[in-house]
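The file start.tsv contains TSV, C-alpha atoms:
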```tsv
chain	number	residue	atom	x	y	z
A	1008	MET	CA	98.66	82.89	65.95
A	1009	LEU	CA	97.04	81.25	68.98
A	1010	LEU	CA	94.04	82.06	71.13
A	1011	LEU	CA	94.61	80.73	74.66
A	1012	THR	CA	92.28	80.50	77.65
A	1013	PRO	CA	92.62	78.63	80.97
A	1014	THR	CA	90.79	75.32	81.17
A	1015	GLN	CA	91.32	74.26	84.80
A	1016	HIS	CA	89.71	77.02	86.87
A	1017	THR	CA	87.24	75.83	89.50
A	1018	ASP	CA	87.29	78.94	91.71
A	1019	TYR	CA	86.74	81.37	88.83
A	1020	GLU	CA	83.92	81.82	86.32
A	1021	LEU	CA	83.26	84.56	83.78
A	1022	ILE	CA	79.48	84.63	83.85
A	1023	ASP	CA	78.61	87.42	81.41
A	1024	THR	CA	80.20	90.34	79.57
A	1025	GLY	CA	78.91	93.41	77.76
A	1026	GLY	CA	78.06	97.06	78.15
A	1027	PHE	CA	81.74	97.71	79.03
A	1028	GLU	CA	81.45	95.47	82.11
A	1029	LYS	CA	82.13	91.89	83.19
A	1030	LEU	CA	80.28	89.73	85.71
A	1031	GLU	CA	82.65	87.20	87.26
A	1032	ARG	CA	82.80	84.81	90.19
A	1033	PHE	CA	85.90	84.53	92.36
A	1034	GLY	CA	85.27	81.65	94.75
A	1035	PRO	CA	81.94	82.27	96.51
A	1036	TYR	CA	81.64	85.94	95.51
A	1037	THR	CA	80.41	87.51	92.27
A	1038	LEU	CA	81.70	90.91	91.15
A	1039	THR	CA	80.78	93.47	88.52
A	1040	ARG	CA	83.81	95.32	87.16
A	1041	PRO	CA	84.46	97.72	84.25
A	1042	GLU	CA	85.86	96.12	81.10
A	1043	PRO	CA	86.70	98.51	78.22
A	1044	GLN	CA	86.82	95.75	75.60
A	1045	ALA	CA	83.33	94.38	76.29
A	1046	VAL	CA	81.73	96.63	73.69
A	1047	TRP	CA	78.83	94.26	72.89
A	1048	ASP	CA	75.48	93.85	74.68
A	1049	LYS	CA	75.05	91.86	77.87
A	1050	SER	CA	73.35	88.49	77.57
A	1051	LEU	CA	71.71	88.69	80.99
A	1052	SER	CA	69.42	91.51	82.04
A	1053	GLU	CA	70.55	94.37	84.27
A	1054	GLN	CA	68.22	92.99	86.93
A	1055	GLU	CA	69.99	89.63	86.79
A	1056	TRP	CA	73.41	91.28	87.04
A	1057	ASN	CA	72.26	93.25	90.09
A	1058	LYS	CA	70.75	90.15	91.66
A	1059	ARG	CA	73.93	88.10	91.23
A	1060	SER	CA	76.51	90.76	92.16
A	1061	ASP	CA	77.94	90.82	95.67
A	1062	ALA	CA	80.03	93.89	94.82
A	1063	VAL	CA	79.96	96.47	92.01
A	1064	PHE	CA	82.89	98.75	91.14
A	1065	LYS	CA	81.89	102.33	90.35
A	1066	ARG	CA	84.48	104.66	88.84
A	1067	ASP	CA	85.07	108.07	90.39
A	1068	LYS	CA	83.93	110.92	88.18
A	1069	GLY	CA	86.59	111.75	85.62
A	1070	SER	CA	88.73	108.69	86.41
A	1071	GLN	CA	89.37	105.68	84.19
A	1072	GLU	CA	90.71	103.45	86.97
A	1073	LYS	CA	90.07	104.74	90.46
A	1074	GLY	CA	86.72	104.31	92.19
A	1075	GLN	CA	84.90	102.53	94.97
A	1076	TRP	CA	83.10	99.27	95.58
A	1077	LEU	CA	79.41	99.07	96.44
A	1078	THR	CA	78.92	95.88	98.40
A	1079	LYS	CA	75.93	94.04	99.78
A	1080	GLY	CA	75.26	91.25	102.22
A	1081	ASP	CA	78.28	89.68	103.91
A	1082	MET	CA	80.73	90.51	101.10
A	1083	PRO	CA	84.20	90.78	102.76
A	1084	GLU	CA	86.94	93.16	101.71
A	1085	ARG	CA	89.39	90.21	101.55
A	1086	TRP	CA	89.06	86.50	100.87
A	1087	VAL	CA	91.12	83.54	99.60
A	1088	PHE	CA	91.14	82.23	96.04
A	1089	GLN	CA	92.46	78.80	95.00
A	1090	TYR	CA	93.92	77.48	91.78
A	1091	ARG	CA	94.26	73.70	91.85
A	1092	THR	CA	95.49	71.37	89.11
A	1093	GLY	CA	97.29	68.04	89.11
A	1094	ARG	CA	100.60	69.84	89.65
A	1095	LEU	CA	99.63	73.11	91.34
A	1096	HIS	CA	97.73	74.16	94.41
A	1097	LEU	CA	98.00	77.92	94.79
A	1098	ARG	CA	96.18	80.01	97.36
A	1099	THR	CA	96.10	83.79	97.02
A	1100	LYS	CA	94.49	86.66	98.87
A	1101	LEU	CA	91.96	88.70	96.91
A	1102	ALA	CA	90.85	92.17	97.95
A	1103	LEU	CA	88.56	94.95	96.75
A	1104	SER	CA	91.11	97.60	95.76
A	1105	SER	CA	90.41	101.21	94.84
A	1106	PHE	CA	91.59	100.53	91.27
A	1107	LYS	CA	89.00	97.86	90.29
A	1108	HIS	CA	91.60	95.08	90.54
A	1109	VAL	CA	91.29	92.25	93.05
A	1110	GLY	CA	94.85	90.91	93.02
A	1111	LEU	CA	94.54	88.25	90.33
A	1112	PHE	CA	94.37	88.06	86.54
A	1113	PRO	CA	92.65	84.70	85.95
A	1114	GLU	CA	93.59	84.52	82.26
A	1115	GLN	CA	97.24	84.18	83.36
A	1116	ALA	CA	96.59	80.65	84.61
A	1117	THR	CA	97.43	79.38	81.13
A	1118	ASN	CA	100.96	80.72	81.64
A	1119	TRP	CA	101.20	79.24	85.16
A	1120	ASP	CA	100.45	75.85	83.61
A	1121	TYR	CA	102.98	76.46	80.83
A	1122	LEU	CA	105.87	77.38	83.10
A	1123	THR	CA	105.05	74.51	85.46
A	1124	GLU	CA	105.32	72.08	82.55
A	1125	LYS	CA	108.60	73.59	81.33
A	1126	LEU	CA	110.16	73.47	84.79
A	1127	SER	CA	109.14	69.82	85.13
A	1128	LEU	CA	111.15	69.06	81.96
A	1129	MET	CA	114.22	71.06	82.97
A	1130	PRO	CA	117.33	68.89	83.63
A	1131	VAL	CA	118.61	71.43	86.17
A	1132	GLN	CA	118.38	70.82	89.90
A	1133	LYS	CA	117.58	74.42	90.86
A	1134	PRO	CA	116.54	76.44	87.81
A	1135	ASN	CA	116.36	80.16	88.47
A	1136	VAL	CA	113.41	82.23	87.32
A	1137	LEU	CA	113.01	86.01	87.13
A	1138	ASN	CA	109.51	87.50	87.29
A	1139	LEU	CA	109.42	91.17	86.29
A	1140	PHE	CA	106.49	93.53	86.94
A	1141	ALA	CA	105.40	90.61	89.08
A	1142	TYR	CA	102.36	92.15	90.84
A	1143	THR	CA	100.88	89.77	93.46
A	1144	GLY	CA	102.94	86.88	92.24
A	1145	GLY	CA	100.78	84.19	90.62
A	1146	ALA	CA	103.62	83.24	88.26
A	1147	SER	CA	106.17	83.47	91.09
A	1148	LEU	CA	104.12	81.05	93.18
A	1149	ALA	CA	103.73	78.61	90.29
A	1150	ALA	CA	107.46	78.68	89.55
A	1151	ARG	CA	108.40	78.23	93.21
A	1152	ALA	CA	105.90	75.36	93.59
A	1153	ALA	CA	107.60	73.71	90.59
A	1154	GLY	CA	110.96	73.84	92.38
A	1155	ALA	CA	112.58	76.96	90.91
A	1156	ASP	CA	114.62	79.60	92.70
A	1157	VAL	CA	112.47	82.67	92.08
A	1158	THR	CA	113.32	86.37	92.01
A	1159	HIS	CA	110.18	88.53	92.14
A	1160	VAL	CA	110.54	92.19	91.10
A	1161	ASP	CA	107.90	94.85	91.53
A	1162	ALA	CA	108.10	98.60	92.11
A	1163	VAL	CA	105.36	98.77	94.77
A	1164	LYS	CA	106.27	97.78	98.31
A	1165	GLN	CA	102.65	97.11	99.32
A	1166	VAL	CA	102.26	94.70	96.40
A	1167	ILE	CA	105.38	92.83	97.49
A	1168	SER	CA	103.83	92.47	100.95
A	1169	TRP	CA	100.68	91.06	99.31
A	1170	SER	CA	102.81	88.63	97.31
A	1171	ARG	CA	104.54	87.47	100.48
A	1172	GLU	CA	101.14	86.74	102.03
A	1173	ASN	CA	100.25	84.68	98.96
A	1174	MET	CA	103.48	82.70	99.28
A	1175	GLU	CA	102.64	81.85	102.89
A	1176	LEU	CA	99.02	80.99	102.02
A	1177	SER	CA	100.35	78.58	99.41
A	1178	SER	CA	102.72	76.95	101.95
A	1179	LEU	CA	105.78	78.07	99.97
A	1180	ASP	CA	108.96	79.87	101.04
A	1181	ASN	CA	112.26	81.41	99.96
A	1182	ILE	CA	111.09	83.62	97.10
A	1183	ARG	CA	113.51	86.53	96.69
A	1184	TRP	CA	111.62	89.83	96.89
A	1185	VAL	CA	112.99	92.94	95.14
A	1186	VAL	CA	111.29	96.34	95.39
A	1187	GLU	CA	112.83	98.17	92.45
A	1188	ASP	CA	112.25	99.62	89.03
A	1189	ALA	CA	112.33	96.68	86.61
A	1190	MET	CA	114.51	98.39	84.01
A	1191	LYS	CA	117.07	99.45	86.61
A	1192	PHE	CA	117.18	95.92	88.03
A	1193	VAL	CA	117.59	94.27	84.64
A	1194	LYS	CA	120.42	96.61	83.61
A	1195	ARG	CA	122.29	95.78	86.81
A	1196	GLU	CA	121.81	92.03	86.26
A	1197	VAL	CA	123.18	92.35	82.72
A	1198	ARG	CA	126.27	94.17	84.02
A	1199	ARG	CA	126.79	91.37	86.53
A	1200	GLY	CA	126.59	88.72	83.81
A	1201	LYS	CA	123.59	87.08	85.46
A	1202	ARG	CA	121.61	84.40	83.61
A	1203	TYR	CA	118.13	82.95	84.20
A	1204	HIS	CA	116.52	79.73	82.99
A	1205	GLY	CA	113.10	81.38	82.99
A	1206	LEU	CA	112.00	84.98	82.33
A	1207	ILE	CA	108.44	86.22	82.88
A	1208	LEU	CA	107.32	89.77	82.03
A	1209	ASP	CA	103.89	91.32	82.50
A	1210	PRO	CA	104.56	95.05	82.05
A	1211	PRO	CA	101.85	97.70	82.39
A	1212	ALA	CA	101.10	100.29	79.73
A	1213	TYR	CA	102.55	102.90	82.08
A	1214	GLY	CA	103.92	103.00	85.60
A	1215	ARG	CA	106.35	104.51	88.08
A	1216	GLY	CA	109.33	103.01	89.88
A	1217	PRO	CA	109.96	103.48	93.61
A	1218	ASP	CA	112.12	106.55	92.93
A	1219	GLY	CA	109.81	108.04	90.31
A	1220	GLU	CA	111.32	106.18	87.35
A	1221	LYS	CA	108.98	106.41	84.39
A	1222	TRP	CA	107.77	103.36	82.43
A	1223	LEU	CA	105.93	103.77	79.12
A	1224	LEU	CA	105.35	100.52	77.30
A	1225	GLU	CA	105.71	101.84	73.76
A	1226	GLU	CA	108.92	103.72	74.65
A	1227	HIS	CA	110.68	101.14	76.80
A	1228	ILE	CA	109.60	97.63	75.79
A	1229	ASN	CA	112.10	97.41	72.91
A	1230	GLU	CA	115.05	98.20	75.21
A	1231	MET	CA	113.70	95.89	77.91
A	1232	LEU	CA	113.54	92.91	75.56
A	1233	GLY	CA	117.05	93.60	74.31
A	1234	LEU	CA	118.29	93.39	77.89
A	1235	CYS	CA	116.24	90.28	78.62
A	1236	ALA	CA	117.83	88.53	75.64
A	1237	GLN	CA	121.16	88.94	77.43
A	1238	LEU	CA	119.77	87.45	80.66
A	1239	LEU	CA	118.23	84.28	79.24
A	1240	GLU	CA	120.28	81.08	79.42
A	1241	LYS	CA	121.40	79.59	76.11
A	1242	GLU	CA	119.85	76.19	76.86
A	1243	ASN	CA	117.19	74.82	79.21
A	1244	TYR	CA	115.11	77.99	79.16
A	1245	PHE	CA	111.65	79.44	78.76
A	1246	PHE	CA	110.40	82.98	78.16
A	1247	ILE	CA	106.92	84.45	78.68
A	1248	ILE	CA	105.72	87.99	78.05
A	1249	ASN	CA	102.18	89.41	78.32
A	1250	LEU	CA	101.05	92.85	77.19
A	1251	TYR	CA	97.71	94.41	78.00
A	1252	SER	CA	97.54	97.56	75.93
A	1253	LEU	CA	94.90	98.35	73.35
A	1254	GLY	CA	97.58	99.67	70.99
A	1255	PHE	CA	99.64	96.47	70.88
A	1256	SER	CA	98.78	93.55	68.61
A	1257	ALA	CA	100.20	90.03	68.73
A	1258	LEU	CA	102.16	90.81	65.56
A	1259	ILE	CA	104.01	93.62	67.33
A	1260	ILE	CA	105.09	91.32	70.11
A	1261	GLU	CA	106.11	88.65	67.60
A	1262	ASN	CA	108.32	91.18	65.79
A	1263	LEU	CA	109.92	92.32	69.06
A	1264	VAL	CA	110.72	88.78	70.15
A	1265	ARG	CA	112.21	87.82	66.79
A	1266	ALA	CA	114.26	91.02	66.68
A	1267	HIS	CA	115.94	90.39	70.03
A	1268	PHE	CA	115.93	86.60	70.42
A	1269	GLY	CA	116.19	85.53	66.78
A	1270	LYS	CA	114.56	82.35	65.55
A	1271	VAL	CA	113.39	80.72	68.75
A	1272	PRO	CA	112.17	77.14	69.26
A	1273	ASN	CA	108.52	76.33	69.90
A	1274	HIS	CA	107.45	79.95	69.56
A	1275	GLU	CA	103.81	80.64	70.46
A	1276	PHE	CA	102.15	84.04	70.23
A	1277	GLY	CA	98.64	85.38	70.09
A	1278	GLU	CA	95.86	86.53	72.40
A	1279	LEU	CA	94.74	85.50	75.85
A	1280	TYR	CA	91.01	85.47	76.48
A	1281	LEU	CA	88.31	84.38	78.87
A	1282	GLN	CA	85.03	82.94	77.62
A	1283	ASP	CA	81.79	83.77	79.37
A	1284	SER	CA	78.92	81.33	79.88
A	1285	PHE	CA	77.27	82.61	76.68
A	1286	ASP	CA	80.37	81.76	74.59
A	1287	LYS	CA	81.47	85.37	74.12
A	1288	LYS	CA	85.27	85.63	74.10
A	1289	LEU	CA	86.73	88.55	76.06
A	1290	PRO	CA	90.26	89.49	74.82
A	1291	LEU	CA	92.66	90.15	77.67
A	1292	GLY	CA	95.99	90.99	76.12
A	1293	VAL	CA	98.60	89.50	73.83
A	1294	PHE	CA	101.37	87.09	74.71
A	1295	SER	CA	104.51	85.51	73.37
A	1296	ARG	CA	106.31	82.51	74.84
A	1297	PHE	CA	108.95	80.03	73.79
A	1298	SER	CA	111.17	77.32	75.22
A	1299	ASP	CA	113.78	74.80	74.12
A	1300	LEU	CA	112.14	72.25	76.43
A	1301	SER	CA	109.51	69.95	74.97
A	1302	VAL	CA	108.15	66.47	75.62
```

Produce structure tokens that represent the structure in this file.
Amino acid sequence: MLLLTPTQHTDYELIDTGGFEKLERFGPYTLTRPEPQAVWDKSLSEQEWNKRSDAVFKRDKGSQEKGQWLTKGDMPERWVFQYRTGRLHLRTKLALSSFKHVGLFPEQATNWDYLTEKLSLMPVQKPNVLNLFAYTGGASLAARAAGADVTHVDAVKQVISWSRENMELSSLDNIRWVVEDAMKFVKREVRRGKRYHGLILDPPAYGRGPDGEKWLLEEHINEMLGLCAQLLEKENYFFIINLYSLGFSALIIENLVRAHFGKVPNHEFGELYLQDSFDKKLPLGVFSRFSDLSV
């Protein structure tokens, strides 16, 4: 079992964690956000957190997710974030949403690097990649920048619009946008006999499709992976799945992958985390990934 964290962020820093909050820098701006897994004490004082924070998210009474941002100084509602490595230069719009999110999950950069490497090894001129529950499209951008034909599926039209902005900010084009329930889309692709060289899944614990379709991770993930096994090419492939649900361990995801894909090559599974400047490791979900492509 692996513990993975990004190593090439320059525009992101996890400064401190604790007291069910995290203090993090996105580019020039520092935010305080709720974090249910930061059950330990903060390393910095409350005064230091307040001094450093350009914006603080406060939950609405009785809500676990929804709330409002308290900003100070010249903190904008929107700004641009960059992720730059030897192979990638991605630019994405960040925004202070009413659900504590800003449009980016920085721990996912380890998977952007992974898929970029796998696509560089692929002996296929135009590999096709499917990104399900794709949100604002970090993985879609990375795959497109690496030369893949990308299909990006998300149930929320406004999020697709955000993803399109990110594509343009990153000087990319020709990503296929699909506003649809992921399960419905995958079932149709299976009926059509479609195959993909790369599959990426980042499903929520719960959600709704555009027509009210219900998604519950514990009820639907087993069926979803069975369908995905039918979509993945038999050679020259990679697969990535992330789960952020307190009830799911890395062993559960390992069992699901083995049940539907069998004994897979180069299988990695474990936890994603971010490490703050005081060496505390913040767990941010479990992952599984594998590929028949290796150096």

- Item | Polymer residues at most 10 Å from Ala1152 in chain A, all atoms listed in the file, same-chain spacing of 4 or more positions, as number ranges by chain | A: 1094-1097, 1123, 1126, 1146-1148, 1156-1157, 1174, 1177-1180

- One-decimal distance in Å that lies between CA of His1274 in chain A and CA of Ala1155 in chain A: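 For CA of Ala1155 in chain A relative to CA of His1274 in chain A, the distance reads 22.2 Å.
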
- Query: To one decimal place, how far is CA of Ser1295 in chain A from CA of Pro1217 in chain A in Å?
  - Reply: 27.6 Å

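Between CA of Glu1028 in chain A and CA of Arg1085 in chain A lies a distance of 21.6 Å.
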
Any chance you could work out the axis-aligned box around range 1068-1076 of chain A, listed atoms only, 8 Å on each side, giving centre and edge lengths in Å to one decimal, as lines of an AutoDock Vina configuration file?
```
center_x = 86.9
center_y = 105.5
center_z = 89.9
size_x = 23.6
size_y = 28.5
size_z = 27.4
```

- Task: Excluding Gly1205 in chain A and residues on its chain fewer than 2 positions from it, collect all residues at most 9 Å away from it, counting all atoms listed in the file, and give them as a ChimeraX atom specification.
- Result: /A:1122,1126,1134-1138,1203,1207,1239-1240,1243-1247,1298

- Query: range 1256-1268 of chain A: which residues within 6 Å, counting all atoms listed in the file, same-chain residues fewer than 6 positions away excluded, as a list in words?
  - Reply: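 Residues meeting the cut-off are Gly1233, Ala1236, Gly1277 and Val1293 of chain A.
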
- Task: Tell me which of A:Lys1125, A:His1159, A:Arg1151, A:Lys1079 sits closest to Leu1139 in chain A, counting only C-alpha atoms.
- Result: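 Checking each candidate against Leu1139 in chain A, we get A:His1159 as the closest.
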
Report as JSON lines: every residue of range 1093-1169 of chain A with an atom at most 10 Å from range 1034-1046 of chain A, its closest pair of atoms, and their distance in Å to one decimal, counting all atoms listed in the file, with rows sorted by chain and ascending residue number.
```
{"residue": "A:Leu1101", "atom": "CA", "partner": "A:Gly1034", "partner_atom": "CA", "distance": 10.0}
{"residue": "A:Leu1103", "atom": "CA", "partner": "A:Leu1038", "partner_atom": "CA", "distance": 9.7}
{"residue": "A:Lys1107", "atom": "CA", "partner": "A:Arg1040", "partner_atom": "CA", "distance": 6.6}
{"residue": "A:His1108", "atom": "CA", "partner": "A:Arg1040", "partner_atom": "CA", "distance": 8.5}
{"residue": "A:Val1109", "atom": "CA", "partner": "A:Leu1038", "partner_atom": "CA", "distance": 9.9}
```

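In this comparison, which uses all atoms listed in the file, the residue of A:Glu1225, A:Ile1167, A:Glu1172, A:Leu1234 approaching Phe1192 in chain A most closely is A:Leu1234.
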
- Distance criterion (all atoms listed in the file): nearest to Glu1124 in chain A out of A:Thr1012, A:Ser1170, A:Thr1099, A:Thr1092: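 Ranked by minimum distance to Glu1124 in chain A, first place goes to A:Thr1092.
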
- Query: For the point (85.3, 83.6, 77.2) in file coordinates, what residues are within 9 Å, counting only C-alpha atoms? Give the answer as a PyMOL selection string?
  - Reply: chain A and resi 1012+1021-1024+1280-1290

- Item | Shortest interatomic distance to Glu1020 in chain A - which of A:Tyr1213, A:Leu1291, A:Gly1093, A:Phe1033, counting all atoms listed in the file |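 Nearest candidate to Glu1020 in chain A out of A:Tyr1213, A:Leu1291, A:Gly1093, A:Phe1033: A:Phe1033.
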
- Using only C-alpha atoms, pick whichever of A:Asn1118, A:Thr1014, A:Ser1105, A:Gln1237 has the shortest atom-to-atom distance to Val1197 in chain A.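 Selected residue with least distance to Val1197 in chain A: A:Gln1237.
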
- Item | Counting only C-alpha atoms, the option among A:Pro1272, A:Phe1064, A:Gly1292, A:Lys1241 closest to Gly1254 in chain A |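 Among A:Pro1272, A:Phe1064, A:Gly1292, A:Lys1241, it is A:Gly1292 that comes nearest to Gly1254 in chain A.
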